[in-house]
$ cat input-v5.txt   # compact mmCIF, C-alpha atoms (C1' of nucleotides)
# COMPACT_ATOMS: atom_id res chain seq x y z
CA MET A 1 -24.37 -16.79 0.23
CA THR A 2 -23.59 -15.76 -3.29
CA ARG A 3 -22.70 -18.69 -5.47
CA PRO A 4 -25.43 -21.24 -6.10
CA GLN A 5 -23.98 -21.96 -9.59
CA THR A 6 -24.57 -25.36 -11.19
CA GLN A 7 -28.19 -25.43 -10.07
CA HIS A 8 -31.22 -24.45 -12.02
CA GLY A 9 -32.37 -22.25 -9.18
CA PRO A 10 -32.79 -18.68 -10.43
CA ALA A 11 -32.18 -16.53 -7.35
CA THR A 12 -29.05 -14.46 -6.95
CA ARG A 13 -26.90 -15.51 -9.83
CA VAL A 14 -23.43 -14.08 -9.75
CA MET A 15 -20.07 -14.83 -11.28
CA ARG A 16 -20.77 -16.02 -14.76
CA ALA A 17 -18.29 -18.43 -16.31
CA THR A 18 -16.21 -16.54 -18.83
CA ARG A 19 -13.08 -17.21 -20.79
CA GLN A 20 -11.22 -14.49 -18.89
CA ARG A 21 -12.10 -15.75 -15.47
CA ALA A 22 -11.08 -19.24 -16.49
CA ALA A 23 -7.76 -17.96 -17.78
CA VAL A 24 -6.94 -16.13 -14.58
CA SER A 25 -7.98 -19.06 -12.48
CA ALA A 26 -5.97 -21.50 -14.56
CA LEU A 27 -2.88 -19.34 -14.37
CA LEU A 28 -3.20 -19.08 -10.61
CA ASP A 29 -3.33 -22.86 -10.45
CA ARG A 30 -0.05 -23.06 -12.29
CA LEU A 31 1.76 -20.45 -10.22
CA GLU A 32 3.45 -21.22 -6.94
CA ASP A 33 4.33 -17.75 -5.75
CA PHE A 34 2.54 -14.57 -4.88
CA ARG A 35 2.09 -12.40 -7.96
CA SER A 36 0.79 -8.93 -8.61
CA ALA A 37 -2.19 -8.18 -10.80
CA GLN A 38 0.17 -6.60 -13.32
CA ASP A 39 2.32 -9.74 -13.46
CA ILE A 40 -0.70 -11.87 -14.08
CA HIS A 41 -2.07 -9.56 -16.73
CA GLU A 42 1.27 -9.48 -18.52
CA GLU A 43 1.68 -13.24 -18.38
CA LEU A 44 -1.79 -13.87 -19.74
CA ARG A 45 -1.27 -11.53 -22.66
CA ARG A 46 2.11 -13.08 -23.33
CA VAL A 47 0.57 -16.51 -23.75
CA GLY A 48 -2.08 -15.07 -25.99
CA ASP A 49 -5.07 -14.85 -23.70
CA GLY A 50 -6.39 -11.44 -24.60
CA ILE A 51 -7.60 -9.89 -21.39
CA GLY A 52 -7.90 -6.37 -20.04
CA LEU A 53 -6.03 -5.15 -17.02
CA THR A 54 -9.26 -3.93 -15.47
CA THR A 55 -10.70 -7.40 -15.76
CA VAL A 56 -7.68 -8.95 -14.11
CA TYR A 57 -8.05 -6.60 -11.16
CA ARG A 58 -11.77 -7.26 -10.89
CA THR A 59 -11.37 -10.99 -11.20
CA LEU A 60 -8.62 -11.23 -8.62
CA GLN A 61 -10.64 -9.15 -6.25
CA SER A 62 -13.73 -11.27 -6.57
CA LEU A 63 -11.68 -14.43 -6.19
CA ALA A 64 -10.18 -12.95 -3.07
CA ASP A 65 -13.58 -11.97 -1.73
CA ALA A 66 -14.77 -15.49 -2.35
CA GLY A 67 -11.80 -16.76 -0.38
CA GLU A 68 -10.41 -18.64 -3.34
CA VAL A 69 -7.12 -16.81 -3.37
CA ASP A 70 -4.99 -15.23 -0.70
CA VAL A 71 -3.94 -11.62 -0.88
CA LEU A 72 -1.18 -9.91 0.92
CA ARG A 73 0.66 -6.65 0.53
CA THR A 74 4.30 -6.23 -0.27
CA GLY A 75 6.33 -3.70 1.64
CA SER A 76 5.66 -1.22 -1.14
CA GLY A 77 1.92 -1.55 -0.78
CA GLU A 78 1.33 -3.58 -3.90
CA ALA A 79 -1.26 -6.36 -3.58
CA VAL A 80 -0.09 -9.84 -4.51
CA TYR A 81 -2.24 -12.91 -5.06
CA ARG A 82 -1.81 -16.64 -4.75
CA ARG A 83 -4.03 -19.68 -4.83
CA CYS A 84 -3.35 -21.45 -1.60
CA ALA A 85 -3.58 -25.17 -1.16
CA SER A 86 -5.27 -24.83 2.17
CA ALA A 87 -8.70 -23.30 2.36
CA GLU A 88 -8.25 -23.02 6.09
CA HIS A 89 -6.92 -19.99 7.83
CA HIS A 90 -3.15 -19.99 7.59
CA HIS A 91 -0.13 -17.73 7.33
CA HIS A 92 2.84 -17.45 5.01
CA LEU A 93 6.57 -17.61 5.00
CA VAL A 94 7.64 -15.61 1.98
CA CYS A 95 11.01 -15.06 0.36
CA ARG A 96 11.33 -11.37 -0.14
CA ARG A 97 13.68 -11.91 -3.04
CA CYS A 98 12.12 -14.59 -5.22
CA GLY A 99 8.63 -14.76 -3.79
CA ALA A 100 8.79 -18.45 -2.90
CA THR A 101 6.06 -19.17 -0.41
CA VAL A 102 5.43 -21.73 2.26
CA GLU A 103 2.01 -22.03 3.85
CA ILE A 104 2.25 -22.37 7.57
CA GLU A 105 0.04 -23.02 10.51
CA GLY A 106 0.19 -20.83 13.54
CA PRO A 107 -1.85 -22.20 16.40
CA ALA A 108 0.38 -20.26 18.77
CA VAL A 109 -0.45 -17.07 16.93
CA GLU A 110 -4.17 -17.69 16.86
CA THR A 111 -4.43 -18.20 20.58
CA TRP A 112 -2.09 -15.33 21.30
CA ALA A 113 -4.17 -12.94 19.19
CA GLN A 114 -7.39 -14.02 20.75
CA ARG A 115 -6.13 -13.83 24.30
CA ILE A 116 -4.61 -10.39 23.87
CA ALA A 117 -7.69 -8.98 22.18
CA GLU A 118 -9.96 -10.34 24.87
CA GLN A 119 -7.81 -8.81 27.57
CA HIS A 120 -8.40 -5.42 26.01
CA GLY A 121 -12.08 -5.90 25.28
CA PHE A 122 -11.75 -6.01 21.52
CA SER A 123 -14.23 -7.96 19.42
CA ASP A 124 -14.78 -8.89 15.78
CA LEU A 125 -11.15 -9.84 15.39
CA SER A 126 -8.87 -10.46 12.50
CA HIS A 127 -5.12 -10.50 12.31
CA THR A 128 -2.17 -10.58 9.99
CA ALA A 129 0.96 -12.58 10.59
CA GLU A 130 3.44 -13.17 7.83
CA ILE A 131 7.11 -13.98 7.98
CA PHE A 132 9.52 -12.60 5.41
CA GLY A 133 13.08 -13.64 4.79
CA LEU A 134 15.44 -15.13 2.26
CA CYS A 135 14.90 -18.72 1.23
CA ARG A 136 17.79 -21.18 1.18
CA GLU A 137 18.52 -20.61 -2.50
CA CYS A 138 18.41 -16.85 -2.31
CA SER A 139 20.55 -16.81 0.82
CA ALA A 140 23.19 -18.75 -1.11
CA THR A 141 23.04 -16.50 -4.16
CA ALA A 142 23.09 -13.34 -2.13
CA MET B 1 25.87 5.25 13.95
CA THR B 2 24.65 8.31 12.22
CA ARG B 3 23.91 11.06 14.70
CA PRO B 4 26.91 12.45 16.54
CA GLN B 5 25.06 15.77 16.91
CA THR B 6 26.01 18.17 19.75
CA GLN B 7 29.71 17.64 19.07
CA HIS B 8 31.94 19.79 16.99
CA GLY B 9 33.16 16.73 15.12
CA PRO B 10 32.52 17.14 11.38
CA ALA B 11 31.82 13.59 10.20
CA THR B 12 28.50 12.36 8.89
CA ARG B 13 25.96 14.87 10.12
CA VAL B 14 22.37 14.08 9.22
CA MET B 15 18.92 15.23 10.16
CA ARG B 16 19.18 18.95 10.71
CA ALA B 17 16.80 20.60 13.19
CA THR B 18 14.14 22.50 11.28
CA ARG B 19 10.82 24.05 12.12
CA GLN B 20 8.98 21.50 9.95
CA ARG B 21 10.57 18.47 11.53
CA ALA B 22 9.80 19.84 14.96
CA ALA B 23 6.18 20.40 14.01
CA VAL B 24 5.70 16.87 12.72
CA SER B 25 7.42 15.40 15.71
CA ALA B 26 5.40 17.48 18.14
CA LEU B 27 2.14 16.51 16.48
CA LEU B 28 3.05 12.85 16.65
CA ASP B 29 3.68 13.26 20.36
CA ARG B 30 0.18 14.57 20.80
CA LEU B 31 -1.56 11.89 18.74
CA GLU B 32 -2.55 8.53 20.14
CA ASP B 33 -3.62 6.74 17.01
CA PHE B 34 -2.13 5.72 13.72
CA ARG B 35 -2.47 8.50 11.14
CA SER B 36 -1.71 8.81 7.47
CA ALA B 37 0.77 11.28 6.06
CA GLN B 38 -2.15 13.15 4.49
CA ASP B 39 -3.92 13.45 7.84
CA ILE B 40 -0.83 14.82 9.45
CA HIS B 41 -0.22 17.29 6.67
CA GLU B 42 -3.79 18.53 6.83
CA GLU B 43 -3.73 18.87 10.61
CA LEU B 44 -0.49 20.81 10.58
CA ARG B 45 -1.77 23.26 8.01
CA ARG B 46 -5.00 23.62 9.93
CA VAL B 47 -3.17 24.75 13.05
CA GLY B 48 -1.12 27.16 10.98
CA ASP B 49 2.18 25.33 10.60
CA GLY B 50 2.92 25.93 6.97
CA ILE B 51 4.44 22.72 5.64
CA GLY B 52 4.52 20.96 2.31
CA LEU B 53 3.07 17.53 1.73
CA THR B 54 6.35 16.34 0.25
CA THR B 55 8.13 17.33 3.42
CA VAL B 56 5.64 15.50 5.58
CA TYR B 57 6.21 12.32 3.60
CA ARG B 58 9.96 12.71 3.76
CA THR B 59 9.99 13.51 7.44
CA LEU B 60 7.77 10.61 8.38
CA GLN B 61 9.91 8.30 6.36
CA SER B 62 13.11 9.41 7.97
CA LEU B 63 11.54 9.16 11.41
CA ALA B 64 10.44 5.66 10.52
CA ASP B 65 13.88 4.74 9.23
CA ALA B 66 15.35 6.01 12.46
CA GLY B 67 12.94 3.80 14.34
CA GLU B 68 11.31 6.76 16.04
CA VAL B 69 7.85 6.03 14.70
CA ASP B 70 6.04 2.86 13.76
CA VAL B 71 4.52 2.38 10.35
CA LEU B 72 1.91 -0.05 9.27
CA ARG B 73 -0.39 -0.43 6.32
CA THR B 74 -4.13 -0.24 6.40
CA GLY B 75 -6.17 -2.77 4.49
CA SER B 76 -6.21 -0.39 1.54
CA GLY B 77 -2.45 -0.17 1.46
CA GLU B 78 -2.14 3.31 2.88
CA ALA B 79 0.79 3.83 5.25
CA VAL B 80 -0.07 5.08 8.72
CA TYR B 81 2.32 6.38 11.35
CA ARG B 82 2.42 6.52 15.12
CA ARG B 83 4.97 7.40 17.77
CA CYS B 84 5.09 4.36 19.99
CA ALA B 85 5.93 4.43 23.67
CA SER B 86 8.12 1.41 23.42
CA ALA B 87 11.29 1.55 21.38
CA GLU B 88 11.49 -2.22 21.56
CA HIS B 89 10.08 -4.53 18.95
CA HIS B 90 6.36 -4.90 19.54
CA HIS B 91 3.05 -5.41 17.80
CA HIS B 92 -0.29 -3.63 17.76
CA LEU B 93 -3.89 -4.19 18.56
CA VAL B 94 -5.77 -1.66 16.47
CA CYS B 95 -9.42 -0.69 16.35
CA ARG B 96 -10.38 -0.74 12.72
CA ARG B 97 -13.10 1.80 13.36
CA CYS B 98 -11.55 4.54 15.50
CA GLY B 99 -7.86 3.72 15.18
CA ALA B 100 -7.31 3.31 18.93
CA THR B 101 -4.10 1.40 19.42
CA VAL B 102 -2.65 -0.78 22.12
CA GLU B 103 1.01 -1.77 22.01
CA ILE B 104 1.47 -5.42 22.76
CA GLU B 105 4.26 -7.87 23.31
CA GLY B 106 4.31 -11.14 21.48
CA PRO B 107 7.01 -13.44 22.77
CA ALA B 108 4.98 -16.36 21.47
CA VAL B 109 4.97 -14.83 18.01
CA GLU B 110 8.68 -14.12 18.00
CA THR B 111 9.63 -17.66 18.82
CA TRP B 112 7.04 -19.08 16.48
CA ALA B 113 8.32 -17.01 13.57
CA GLN B 114 11.89 -17.93 14.23
CA ARG B 115 11.25 -21.61 14.63
CA ILE B 116 9.15 -21.86 11.46
CA ALA B 117 11.63 -19.92 9.39
CA GLU B 118 14.53 -22.04 10.59
CA GLN B 119 12.67 -25.21 9.75
CA HIS B 120 12.43 -24.04 6.16
CA GLY B 121 15.96 -22.70 5.90
CA PHE B 122 15.01 -19.05 5.67
CA SER B 123 17.37 -16.37 6.93
CA ASP B 124 17.43 -12.60 7.38
CA LEU B 125 13.98 -12.66 8.91
CA SER B 126 11.36 -10.08 9.63
CA HIS B 127 7.70 -10.47 10.33
CA THR B 128 4.44 -8.64 10.70
CA ALA B 129 1.80 -9.44 13.26
CA GLU B 130 -1.01 -7.03 13.97
CA ILE B 131 -4.42 -7.66 15.41
CA PHE B 132 -7.45 -5.72 14.20
CA GLY B 133 -10.86 -5.55 15.80
CA LEU B 134 -13.36 -3.26 17.40
CA CYS B 135 -12.46 -1.69 20.71
CA ARG B 136 -14.89 -1.80 23.61
CA GLU B 137 -16.37 1.61 22.81
CA CYS B 138 -16.81 0.94 19.12
CA SER B 139 -18.32 -2.47 19.79
CA ALA B 140 -20.92 -0.76 21.92
CA THR B 141 -21.67 1.96 19.40
CA ALA B 142 -21.86 -0.46 16.50
C1' DT C 1 -31.64 -19.84 -31.85
C1' DC C 2 -32.48 -15.51 -29.41
C1' DG C 3 -32.76 -11.86 -26.00
C1' DG C 4 -31.66 -9.86 -21.65
C1' DT C 5 -28.06 -9.03 -18.80
C1' DA C 6 -23.73 -9.70 -16.58
C1' DT C 7 -19.24 -8.98 -18.07
C1' DC C 8 -15.57 -6.98 -20.65
C1' DG C 9 -12.12 -3.55 -21.58
C1' DA C 10 -10.14 0.85 -23.55
C1' DG C 11 -9.86 5.10 -21.90
C1' DT C 12 -9.75 8.10 -18.14
C1' DA C 13 -9.92 9.64 -13.36
C1' DT C 14 -8.18 9.22 -8.72
C1' DC C 15 -5.18 8.54 -5.07
C1' DG C 16 -1.11 7.77 -2.38
C1' DA C 17 3.63 8.16 -2.85
C1' DT C 18 7.88 9.72 -4.83
C1' DG C 19 11.05 12.37 -8.13
C1' DT C 20 12.56 17.03 -9.67
C1' DC C 21 14.80 21.22 -9.03
C1' DA C 22 15.20 26.03 -7.91
C1' DC C 23 15.16 28.35 -3.76
C1' DC C 24 15.81 28.60 1.34
C1' DT C 25 18.00 28.00 5.95
C1' DC C 26 20.54 25.93 9.31
C1' DA C 27 25.14 25.02 11.40
C1' DC C 28 29.59 26.09 11.54
C1' DC C 29 33.51 29.13 10.65
C1' DG C 30 36.35 32.86 10.64
C1' DC D 1 28.01 38.36 13.85
C1' DG D 2 27.68 37.78 9.02
C1' DG D 3 29.12 34.80 5.14
C1' DT D 4 28.76 30.18 2.99
C1' DG D 5 27.46 25.71 1.37
C1' DA D 6 25.40 21.29 2.22
C1' DG D 7 21.16 19.68 3.59
C1' DG D 8 16.16 20.84 3.64
C1' DT D 9 11.98 22.61 1.59
C1' DG D 10 7.89 22.69 -1.33
C1' DA D 11 5.22 23.56 -5.77
C1' DC D 12 4.73 20.73 -9.42
C1' DA D 13 5.35 16.72 -12.39
C1' DT D 14 5.14 11.93 -12.55
C1' DC D 15 4.33 7.25 -11.32
C1' DG D 16 2.14 2.91 -10.27
C1' DA D 17 -1.99 0.83 -8.45
C1' DT D 18 -6.67 0.76 -8.60
C1' DA D 19 -11.61 2.66 -9.41
C1' DC D 20 -14.97 4.21 -12.70
C1' DT D 21 -17.61 4.88 -17.24
C1' DC D 22 -20.06 3.16 -20.78
C1' DG D 23 -20.64 1.19 -25.35
C1' DA D 24 -19.57 -3.40 -27.17
C1' DT D 25 -19.68 -8.28 -26.32
C1' DA D 26 -20.51 -12.89 -24.88
C1' DC D 27 -23.06 -16.08 -21.54
C1' DC D 28 -26.95 -18.64 -20.31
C1' DG D 29 -31.49 -19.98 -19.98
C1' DA D 30 -35.68 -20.48 -22.46
$ encode --input "input-v5.txt" --output "structure tokens"
Amino acid sequence: MTRPQTQHGPATRVMRATRQRAAVSALLDRLEDFRSAQDIHEELRRVGDGIGLTTVYRTLQSLADAGEVDVLRTGSGEAVYRRCASAEHHHHLVCRRCGATVEIEGPAVETWAQRIAEQHGFSDLSHTAEIFGLCRECSATA
Amino acid sequence: MTRPQTQHGPATRVMRATRQRAAVSALLDRLEDFRSAQDIHEELRRVGDGIGLTTVYRTLQSLADAGEVDVLRTGSGEAVYRRCASAEHHHHLVCRRCGATVEIEGPAVETWAQRIAEQHGFSDLSHTAEIFGLCRECSATA
DNA sequence: TCGGTATCGAGTATCGATGTCACCTCACCG
DNA sequence: CGGTGAGGTGACATCGATACTCGATACCGA
């Protein structure tokens, strides 16, 4: 446990409320699509929120660690972030052209992963499962 | 089609047989696990096959493009390569500690991905689905 | 209001990957 | 079998993403 916040308990305080963190968080709330740290940094500076690139990286990472945002990697290895509506485990259907994202459930995938891993004696599991394609709009424009 | 090879036809020849390509390919045949380009470069130099890092990257990429090796990205975004037994589309169960890999089929995943994407009007699909965990041995050692 | 401390951020280092370009070497030909 | 040129090679430069350093700054609790 690492975030007692709004309590007067002393203990392990972490994640202080700062203007920068608020700005990143607020921007993520406004965005629909997966964005890179660079994008977010640029956007914030554009609207006048002075913030350092380092801080953006750190903030996104801590938000990701806390499970407040989802991270995935583009084909080129760049990390992209998005605040997802669902806090539950879920997957994504992402447009590889415009970044539009749909959150999806995958019960079939969950059971498949678990069954396969068990068959081979693997433990401590995790998995990735994302679908990429062109959304309706981008298909039309293509 | 891009490899008419052993014919005297002129046409679009590509991928010439060189010592370096042979060395990379041979090493991949010997390896069981996913390895990074750096690993492969280091190993080749260690056994005395003089080869440049640039060439290793290029060779791996062309092998991957040709579908002769599988590529996936580690959590840190590094690309790792492996010659898979199956030429068919398949997924992987990978030990995140020792790299041991099992090739798996995922008919459930294929249909799931396709159905979901269709529901949302996406086209030109691709997907990723890998399972990570600790293999039996590593679970024991942990 | 004040002090201690977590956080910030400019600069810089690192790391994987790719671009550059002069030199090398296959593959094919005569 | 040796010449020739397009494709291949590799030392080096560069790039984009991310980690690190450390003095300056801004929270937060008292």
$ interface_residues --input "input-v5.txt" --of "chain A" --to "chain B" --cutoff "10 Å" --atoms "all atoms listed in the file" --output "MDAnalysis selection string"
chainID A and resid 72:79 93:96 102 104:114 116:118 120:139
$ write_last_selection --input "input-v5.txt" --atoms "C-alpha atoms" --output "PDB file, in the coordinates of the input"
ATOM      1  CA  LEU A  72      -1.180  -9.910   0.920  1.00  0.00           C
ATOM      2  CA  ARG A  73       0.660  -6.650   0.530  1.00  0.00           C
ATOM      3  CA  THR A  74       4.300  -6.230  -0.270  1.00  0.00           C
ATOM      4  CA  GLY A  75       6.330  -3.700   1.640  1.00  0.00           C
ATOM      5  CA  SER A  76       5.660  -1.220  -1.140  1.00  0.00           C
ATOM      6  CA  GLY A  77       1.920  -1.550  -0.780  1.00  0.00           C
ATOM      7  CA  GLU A  78       1.330  -3.580  -3.900  1.00  0.00           C
ATOM      8  CA  ALA A  79      -1.260  -6.360  -3.580  1.00  0.00           C
ATOM      9  CA  LEU A  93       6.570 -17.610   5.000  1.00  0.00           C
ATOM     10  CA  VAL A  94       7.640 -15.610   1.980  1.00  0.00           C
ATOM     11  CA  CYS A  95      11.010 -15.060   0.360  1.00  0.00           C
ATOM     12  CA  ARG A  96      11.330 -11.370  -0.140  1.00  0.00           C
ATOM     13  CA  VAL A 102       5.430 -21.730   2.260  1.00  0.00           C
ATOM     14  CA  ILE A 104       2.250 -22.370   7.570  1.00  0.00           C
ATOM     15  CA  GLU A 105       0.040 -23.020  10.510  1.00  0.00           C
ATOM     16  CA  GLY A 106       0.190 -20.830  13.540  1.00  0.00           C
ATOM     17  CA  PRO A 107      -1.850 -22.200  16.400  1.00  0.00           C
ATOM     18  CA  ALA A 108       0.380 -20.260  18.770  1.00  0.00           C
ATOM     19  CA  VAL A 109      -0.450 -17.070  16.930  1.00  0.00           C
ATOM     20  CA  GLU A 110      -4.170 -17.690  16.860  1.00  0.00           C
ATOM     21  CA  THR A 111      -4.430 -18.200  20.580  1.00  0.00           C
ATOM     22  CA  TRP A 112      -2.090 -15.330  21.300  1.00  0.00           C
ATOM     23  CA  ALA A 113      -4.170 -12.940  19.190  1.00  0.00           C
ATOM     24  CA  GLN A 114      -7.390 -14.020  20.750  1.00  0.00           C
ATOM     25  CA  ILE A 116      -4.610 -10.390  23.870  1.00  0.00           C
ATOM     26  CA  ALA A 117      -7.690  -8.980  22.180  1.00  0.00           C
ATOM     27  CA  GLU A 118      -9.960 -10.340  24.870  1.00  0.00           C
ATOM     28  CA  HIS A 120      -8.400  -5.420  26.010  1.00  0.00           C
ATOM     29  CA  GLY A 121     -12.080  -5.900  25.280  1.00  0.00           C
ATOM     30  CA  PHE A 122     -11.750  -6.010  21.520  1.00  0.00           C
ATOM     31  CA  SER A 123     -14.230  -7.960  19.420  1.00  0.00           C
ATOM     32  CA  ASP A 124     -14.780  -8.890  15.780  1.00  0.00           C
ATOM     33  CA  LEU A 125     -11.150  -9.840  15.390  1.00  0.00           C
ATOM     34  CA  SER A 126      -8.870 -10.460  12.500  1.00  0.00           C
ATOM     35  CA  HIS A 127      -5.120 -10.500  12.310  1.00  0.00           C
ATOM     36  CA  THR A 128      -2.170 -10.580   9.990  1.00  0.00           C
ATOM     37  CA  ALA A 129       0.960 -12.580  10.590  1.00  0.00           C
ATOM     38  CA  GLU A 130       3.440 -13.170   7.830  1.00  0.00           C
ATOM     39  CA  ILE A 131       7.110 -13.980   7.980  1.00  0.00           C
ATOM     40  CA  PHE A 132       9.520 -12.600   5.410  1.00  0.00           C
ATOM     41  CA  GLY A 133      13.080 -13.640   4.790  1.00  0.00           C
ATOM     42  CA  LEU A 134      15.440 -15.130   2.260  1.00  0.00           C
ATOM     43  CA  CYS A 135      14.900 -18.720   1.230  1.00  0.00           C
ATOM     44  CA  ARG A 136      17.790 -21.180   1.180  1.00  0.00           C
ATOM     45  CA  GLU A 137      18.520 -20.610  -2.500  1.00  0.00           C
ATOM     46  CA  CYS A 138      18.410 -16.850  -2.310  1.00  0.00           C
ATOM     47  CA  SER A 139      20.550 -16.810   0.820  1.00  0.00           C
TER      48      SER A 139
END
$ closest_atom_pairs --input "input-v5.txt" --of "chain C" --to "chain A" --cutoff "10 Å" --atoms "only C-alpha atoms (C1' of nucleotides)" --output "CSV"
residue,atom,partner,partner_atom,distance
C:DA6,C1',A:Arg16,CA,7.2
C:DT7,C1',A:Arg16,CA,7.9
C:DC8,C1',A:Thr55,CA,6.9
C:DG9,C1',A:Gly52,CA,5.3
C:DA10,C1',A:Gly52,CA,8.3
C:DG16,C1',A:Gly77,CA,9.9
C:DA17,C1',A:Ser76,CA,9.7
$ write_last_selection --input "input-v5.txt" --atoms "C-alpha atoms (C1' of nucleotides)" --output "CSV table (one decimal), keeping the file's coordinate frame"
chain,number,residue,atom,x,y,z
C,6,DA,C1',-23.7,-9.7,-16.6
C,7,DT,C1',-19.2,-9.0,-18.1
C,8,DC,C1',-15.6,-7.0,-20.6
C,9,DG,C1',-12.1,-3.6,-21.6
C,10,DA,C1',-10.1,0.8,-23.6
C,16,DG,C1',-1.1,7.8,-2.4
C,17,DA,C1',3.6,8.2,-2.8
$ closest_residue --input "input-v5.txt" --among "B:Gln38, B:Leu28, B:Val56, B:Gln61" --to "chain D" --atoms "all atoms listed in the file"
B:Val56
$ closest_atom_pairs --input "input-v5.txt" --of "chain D" --to "chain B" --cutoff "10 Å" --atoms "all atoms listed in the file" --output "CSV"
residue,atom,partner,partner_atom,distance
D:DG7,C1',B:Arg16,CA,7.4
D:DG8,C1',B:Arg16,CA,7.9
D:DT9,C1',B:Thr55,CA,6.8
D:DG10,C1',B:Gly52,CA,5.3
D:DA11,C1',B:Gly52,CA,8.5
D:DA17,C1',B:Gly77,CA,10.0
$ calpha_fit_rmsd --input "input-v5.txt" --fixed "chain A" --moving "chain B"
0.4 Å
$ residues_around --input "input-v5.txt" --residues "C:DG30" --least-positions-apart "5" --cutoff "12 Å" --atoms "only C-alpha atoms (C1' of nucleotides)" --output "PyMOL selection string"
chain D and resi 1-4
$ atom_distance --input "input-v5.txt" --atom1 "atom CA of A:Thr101" --atom2 "atom CA of B:Val80"
26.6 Å
$ atom_distance --input "input-v5.txt" --atom1 "atom CA of B:His91" --atom2 "atom CA of A:Asp33"
26.6 Å
$ atom_distance --input "input-v5.txt" --atom1 "atom CA of B:His89" --atom2 "atom CA of B:Val69"
11.6 Å
$ residues_around --input "input-v5.txt" --residues "C:DT18" --least-positions-apart "2" --cutoff "10 Å" --atoms "only C-alpha atoms (C1' of nucleotides)" --output "ChimeraX atom specification"
/B:54,57-58 /C:16,20 /D:14-15
